[in-house]
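Colleague: The structure file protein.txt (compact mmCIF, C-alpha atoms) is provided below.
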```txt
# COMPACT_ATOMS: atom_id res chain seq x y z
CA MET V 29 69.16 206.39 74.89
CA LYS V 30 71.77 207.51 77.41
CA LEU V 31 74.86 205.47 78.21
CA LEU V 32 76.90 206.39 81.26
CA ILE V 33 80.61 206.92 80.64
CA ASP V 34 83.57 207.47 82.90
CA LYS V 35 87.22 207.94 82.01
CA ILE V 36 90.00 206.81 84.30
CA ASN V 37 93.72 207.34 83.94
CA SER V 38 95.99 204.33 84.22
CA GLU V 39 99.42 203.10 83.28
CA LEU V 40 97.75 201.78 80.11
CA GLY V 41 96.43 205.21 79.17
CA THR V 42 92.92 206.55 79.58
CA ILE V 43 90.34 203.78 79.99
CA LEU V 44 86.73 204.36 78.99
CA ILE V 45 84.06 202.64 81.08
CA VAL V 46 80.51 202.57 79.69
CA CYS V 47 77.40 201.19 81.34
CA ASN V 48 73.73 201.16 80.48
CA GLY V 49 72.70 202.11 84.02
CA GLU V 50 72.82 198.55 85.30
CA LYS V 51 75.43 196.51 83.47
CA LEU V 52 78.85 197.24 82.05
CA CYS V 53 78.58 197.36 78.27
CA ALA V 54 82.01 198.61 77.14
CA VAL V 55 85.54 199.01 78.42
CA ASP V 56 88.09 200.32 75.97
CA PHE V 57 91.02 202.66 75.64
CA ALA V 58 90.60 206.33 74.70
CA ASP V 59 92.74 205.95 71.58
CA TYR V 60 90.18 203.39 70.33
CA GLU V 61 87.10 205.44 71.23
CA GLN V 62 85.87 205.66 67.61
CA ARG V 63 85.84 201.86 67.28
CA MET V 64 84.00 201.54 70.60
CA VAL V 65 81.40 204.13 69.55
CA LYS V 66 80.78 202.29 66.25
CA LEU V 67 80.22 199.01 68.09
CA LEU V 68 77.86 200.71 70.55
CA GLN V 69 75.92 202.34 67.68
CA LYS V 70 75.54 198.94 66.06
CA ARG V 71 74.03 197.66 69.32
CA TYR V 72 72.02 200.62 70.55
CA GLY V 73 71.39 202.76 67.48
CA ASN V 74 71.32 206.42 68.45
CA PHE V 75 72.62 207.11 71.94
CA CYS V 76 74.43 209.82 73.82
CA PHE V 77 77.01 209.62 76.55
CA GLN V 78 76.36 211.08 79.97
CA GLN V 79 79.62 211.67 81.82
CA VAL V 80 79.39 210.29 85.36
CA LYS V 81 81.90 209.46 88.03
CA ASP V 82 82.30 205.75 88.81
CA PRO V 83 79.03 204.37 87.38
CA GLN V 84 77.76 201.45 89.51
CA GLY V 85 81.23 201.41 91.13
CA TYR V 86 82.69 199.83 87.98
CA SER V 87 85.51 202.36 87.61
CA SER V 88 86.63 201.71 91.19
CA ARG V 89 86.61 197.98 90.58
CA ILE V 90 88.73 198.31 87.43
CA GLN V 91 91.14 200.55 89.32
CA ALA V 92 91.31 197.92 92.10
CA TYR V 93 92.22 195.30 89.48
CA LEU V 94 94.96 197.58 88.16
CA LYS V 95 96.30 197.84 91.73
CA GLY V 96 96.45 194.05 92.03
CA ASP V 97 93.05 192.98 93.38
CA ARG V 98 92.56 189.57 91.78
CA HIS V 99 88.83 189.39 92.42
CA SER V 100 87.52 192.93 91.91
CA LEU V 101 86.22 192.14 88.41
CA ASP V 102 84.79 188.68 89.11
CA HIS V 103 81.13 189.56 89.51
CA ILE V 104 80.66 192.71 87.45
CA PRO V 105 77.49 192.17 85.42
CA VAL V 106 78.09 192.69 81.71
CA SER V 107 75.88 193.33 78.71
CA THR V 108 77.90 192.44 75.64
CA GLY V 109 75.45 192.27 72.78
CA GLY V 110 76.84 190.21 69.92
CA THR V 111 75.79 186.88 68.48
CA ALA V 112 75.11 183.82 70.60
CA PHE V 113 78.52 182.43 69.58
CA GLN V 114 80.32 185.67 70.48
CA GLN V 115 78.59 185.77 73.86
CA GLN V 116 79.62 182.17 74.49
CA VAL V 117 83.27 183.04 73.73
CA TRP V 118 83.21 186.25 75.77
CA LEU V 119 81.67 184.65 78.83
CA ALA V 120 84.14 181.75 78.61
CA LEU V 121 86.93 184.32 79.01
CA ARG V 122 85.82 184.76 82.62
CA THR V 123 86.77 181.14 83.33
CA ILE V 124 90.46 181.82 82.61
CA PRO V 125 92.05 182.41 86.02
CA TRP V 126 94.24 185.40 86.87
CA GLY V 127 97.85 184.75 85.95
CA THR V 128 97.16 182.02 83.38
CA THR V 129 96.84 181.96 79.63
CA ILE V 130 95.23 179.63 77.14
CA SER V 131 95.43 179.36 73.37
CA TYR V 132 92.62 180.16 70.96
CA GLY V 133 92.36 176.42 70.30
CA GLU V 134 92.02 175.69 74.01
CA LEU V 135 89.32 178.34 74.30
CA ALA V 136 87.50 176.80 71.33
CA ALA V 137 87.66 173.38 73.04
CA LYS V 138 86.41 174.94 76.28
CA ILE V 139 83.20 176.01 74.51
CA ALA V 140 82.90 172.57 72.84
CA LYS V 141 83.80 173.87 69.38
CA PRO V 142 87.40 172.61 69.01
CA THR V 143 87.68 173.36 65.29
CA ALA V 144 86.39 176.92 65.63
CA TYR V 145 89.64 178.46 66.88
CA ARG V 146 89.71 181.06 64.09
CA ALA V 147 86.12 182.11 64.83
CA VAL V 148 87.04 182.22 68.52
CA GLY V 149 89.96 184.51 67.65
CA LEU V 150 87.68 186.81 65.67
CA ALA V 151 85.10 186.91 68.49
CA ASN V 152 87.89 187.56 70.98
CA SER V 153 89.04 190.57 68.92
CA LEU V 154 85.55 192.07 69.16
CA ASN V 155 85.22 191.70 72.94
CA PRO V 156 83.44 194.91 73.99
CA VAL V 157 84.42 194.68 77.66
CA ALA V 158 88.22 194.53 77.69
CA ILE V 159 90.01 193.70 80.94
CA VAL V 160 86.78 192.61 82.70
CA LEU V 161 86.31 189.80 80.17
CA PRO V 162 90.03 188.97 80.03
CA CYS V 163 90.70 188.44 76.34
CA HIS V 164 94.31 189.42 77.07
CA ARG V 165 94.77 185.95 78.59
CA VAL V 166 94.33 184.26 75.20
CA ILE V 167 97.56 183.69 73.28
CA GLY V 168 98.75 181.94 70.15
CA ALA V 169 99.20 178.17 69.95
CA ASN V 170 102.98 178.58 70.14
CA ALA V 171 102.64 180.68 73.33
CA THR V 172 103.31 183.96 71.54
CA LEU V 173 101.36 187.13 72.11
CA THR V 174 98.99 187.56 69.23
CA GLY V 175 96.38 190.18 68.50
CA TYR V 176 94.92 192.44 71.13
CA ALA V 177 92.45 195.11 70.09
CA GLY V 178 94.06 197.55 72.54
CA GLY V 179 97.57 196.85 71.20
CA LEU V 180 100.16 194.21 72.06
CA GLU V 181 101.99 196.50 74.50
CA ARG V 182 98.85 196.71 76.62
CA LYS V 183 98.36 192.94 76.41
CA ARG V 184 101.96 192.47 77.54
CA TRP V 185 101.44 194.93 80.42
CA LEU V 186 98.24 193.16 81.58
CA LEU V 187 99.91 189.74 81.52
CA ASN V 188 102.98 191.06 83.34
CA HIS V 189 100.63 192.70 85.86
CA GLU V 190 99.14 189.26 86.51
CA GLY V 191 102.59 187.76 87.04
CA LEU V 192 103.25 186.36 83.58
CA SER V 193 106.11 187.23 81.31
CA GLU V 194 106.98 186.19 77.81
```
What would the structure in this file look like if it were written as structure tokens?
Modeller:
Amino acid sequence: MKLLIDKINSELGTILIVCNGEKLCAVDFADYEQRMVKLLQKRYGNFCFQQVKDPQGYSSRIQAYLKGDRHSLDHIPVSTGGTAFQQQVWLALRTIPWGTTISYGELAAKIAKPTAYRAVGLANSLNPVAIVLPCHRVIGANATLTGYAGGLERKRWLLNHEGLSE
């Protein structure tokens, strides 16, 4: 199987954009490429990357987001894999508006599983499509920045980019 990959430079470092020819299946940072590859192998088994420029226009849309376009990511089709619960959590991330945050507990309540905030946190940490499914908008119950698979500095940058500050 071939997965299409593009690499774009940004203020956050090099961003890897992977699609299966139709849907976006991974967005991660170059310094976490090994983790991304392991997750993709778990989903797809053996695959190879084919370097392409701007697959399906997804790279351009992520760059537009990074330049301040609030809606460039809204309708990008994603293929996340994962369990039914993980998919429920990841798709619920899309309901968190630009420039707002919610806690893990609030996200758990949003998917009608109010006591599952720890499981929601774990699912959030495994989000394969960073930025597009905005896991950076989920914060701790006491409004502190907690866990972000791409590093807290990137989470802070993304929230500041959306007009939030600690």
Colleague: Please determine the residues with any atom at most 12 Å from (81.7, 193.8, 82.0) (coordinates as given in the file, with all atoms listed in the file counting) and report them as a PDB file with C-alpha atoms, in the frame of the given file.
Modeller:
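See result35.pdb below for the written result:
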```pdb
ATOM      1  CA  ILE V  45      84.060 202.640  81.080  1.00  0.00           C
ATOM      2  CA  VAL V  46      80.510 202.570  79.690  1.00  0.00           C
ATOM      3  CA  CYS V  47      77.400 201.190  81.340  1.00  0.00           C
ATOM      4  CA  ASN V  48      73.730 201.160  80.480  1.00  0.00           C
ATOM      5  CA  GLU V  50      72.820 198.550  85.300  1.00  0.00           C
ATOM      6  CA  LYS V  51      75.430 196.510  83.470  1.00  0.00           C
ATOM      7  CA  LEU V  52      78.850 197.240  82.050  1.00  0.00           C
ATOM      8  CA  CYS V  53      78.580 197.360  78.270  1.00  0.00           C
ATOM      9  CA  ALA V  54      82.010 198.610  77.140  1.00  0.00           C
ATOM     10  CA  VAL V  55      85.540 199.010  78.420  1.00  0.00           C
ATOM     11  CA  ASP V  56      88.090 200.320  75.970  1.00  0.00           C
ATOM     12  CA  GLN V  84      77.760 201.450  89.510  1.00  0.00           C
ATOM     13  CA  GLY V  85      81.230 201.410  91.130  1.00  0.00           C
ATOM     14  CA  TYR V  86      82.690 199.830  87.980  1.00  0.00           C
ATOM     15  CA  SER V  87      85.510 202.360  87.610  1.00  0.00           C
ATOM     16  CA  ARG V  89      86.610 197.980  90.580  1.00  0.00           C
ATOM     17  CA  ILE V  90      88.730 198.310  87.430  1.00  0.00           C
ATOM     18  CA  SER V 100      87.520 192.930  91.910  1.00  0.00           C
ATOM     19  CA  LEU V 101      86.220 192.140  88.410  1.00  0.00           C
ATOM     20  CA  ASP V 102      84.790 188.680  89.110  1.00  0.00           C
ATOM     21  CA  HIS V 103      81.130 189.560  89.510  1.00  0.00           C
ATOM     22  CA  ILE V 104      80.660 192.710  87.450  1.00  0.00           C
ATOM     23  CA  PRO V 105      77.490 192.170  85.420  1.00  0.00           C
ATOM     24  CA  VAL V 106      78.090 192.690  81.710  1.00  0.00           C
ATOM     25  CA  SER V 107      75.880 193.330  78.710  1.00  0.00           C
ATOM     26  CA  THR V 108      77.900 192.440  75.640  1.00  0.00           C
ATOM     27  CA  GLY V 109      75.450 192.270  72.780  1.00  0.00           C
ATOM     28  CA  GLN V 115      78.590 185.770  73.860  1.00  0.00           C
ATOM     29  CA  TRP V 118      83.210 186.250  75.770  1.00  0.00           C
ATOM     30  CA  LEU V 119      81.670 184.650  78.830  1.00  0.00           C
ATOM     31  CA  LEU V 121      86.930 184.320  79.010  1.00  0.00           C
ATOM     32  CA  ARG V 122      85.820 184.760  82.620  1.00  0.00           C
ATOM     33  CA  ASN V 155      85.220 191.700  72.940  1.00  0.00           C
ATOM     34  CA  PRO V 156      83.440 194.910  73.990  1.00  0.00           C
ATOM     35  CA  VAL V 157      84.420 194.680  77.660  1.00  0.00           C
ATOM     36  CA  ALA V 158      88.220 194.530  77.690  1.00  0.00           C
ATOM     37  CA  ILE V 159      90.010 193.700  80.940  1.00  0.00           C
ATOM     38  CA  VAL V 160      86.780 192.610  82.700  1.00  0.00           C
ATOM     39  CA  LEU V 161      86.310 189.800  80.170  1.00  0.00           C
ATOM     40  CA  PRO V 162      90.030 188.970  80.030  1.00  0.00           C
ATOM     41  CA  CYS V 163      90.700 188.440  76.340  1.00  0.00           C
TER      42      CYS V 163
END
```
Colleague: Between V:Leu154, V:Phe113, V:His99, V:Tyr132, which one has atoms that come closest to Met64 of chain V, using all atoms listed in the file?
Modeller: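 Distance minimum relative to Met64 of chain V lands on V:Leu154.
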Colleague: Between V:Ala120, V:Gly49, V:Gly175, V:Lys35, single out the one closest to Gln79 of chain V, counting all atoms listed in the file.
Modeller: V:Lys35
Colleague: When you draw a straight line from atom CA of Gln78 of chain V to atom CA of Tyr60 of chain V, how long is it in Å?
Modeller: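 These atoms are spaced 18.5 Å apart.
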Colleague: Which polymer residues have any atom within 8 Å of an atom of Ser131 of chain V, counting all atoms listed in the file, with same-chain residues fewer than 5 positions away left out, as a list in words?
Modeller: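 What passes the distance filter is Val166, Ile167, Gly168, Ala169 and Ala171 of chain V.
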Colleague: Please provide the set of residues having any atom within 7 Å of Val148 of chain V, restricted to only C-alpha atoms, with same-chain residues fewer than 2 positions apart removed, written as a list in words.
Modeller: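 Returned residues: Val117, Tyr132, Ala136, Ala144, Tyr145, Arg146, Leu150, Ala151 and Asn152 of chain V.
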Colleague: Using all atoms listed in the file, which of V:Ile139, V:Ile124, V:Ala177, V:Ile130 sits nearest Ser153 of chain V?
Modeller: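 Among V:Ile139, V:Ile124, V:Ala177, V:Ile130, it is V:Ala177 that comes nearest to Ser153 of chain V.
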Colleague: With distances taken over all atoms listed in the file, which residue among V:Ser38, V:Asn170, V:Thr111, V:Gln69 lies nearest Trp185 of chain V?
Modeller: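 The answer is V:Ser38, which sits nearest to Trp185 of chain V.
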Colleague: Under the rule that all atoms listed in the file are counted, which of V:Leu135, V:Ala92, V:Leu44, V:Leu173 is the nearest residue to Thr123 of chain V?
Modeller: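 Counting all atoms listed in the file, the residue closest to Thr123 of chain V is V:Leu135.
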Colleague: Can you list, as a list in words, every protein, DNA or RNA residue that comes within 12 Å of Leu187 of chain V when you count only C-alpha atoms, leaving out same-chain residues fewer than 3 positions away?
Modeller: Leu94, Gly96, Pro125, Trp126, Gly127, Thr128, Thr129, Ile130, Ile159, Pro162, Cys163, His164, Arg165, Val166, Ile167, Leu173, Tyr176, Leu180, Glu181, Arg182, Lys183, Arg184, Glu190, Gly191, Leu192, Ser193 and Glu194 of chain V
Colleague: Take atom CA of Val80 of chain V and atom CA of Phe57 of chain V and report the distance between them in Å, one decimal.
Modeller: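 Straight-line distance from atom CA of Val80 of chain V to atom CA of Phe57 of chain V works out to 17.0 Å.
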Colleague: Can you tell me how far atom CA of Leu68 of chain V sits from atom CA of Gly110 of chain V, in Å to one decimal?
Modeller: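 Atom CA of Leu68 of chain V sits 10.6 Å away from atom CA of Gly110 of chain V.
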Colleague: Which is closest to Lys30 of chain V among V:Thr42, V:Tyr72, V:Lys66, V:Gly179, if we use all atoms listed in the file?
Modeller: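 Nearest candidate to Lys30 of chain V out of V:Thr42, V:Tyr72, V:Lys66, V:Gly179: V:Tyr72.
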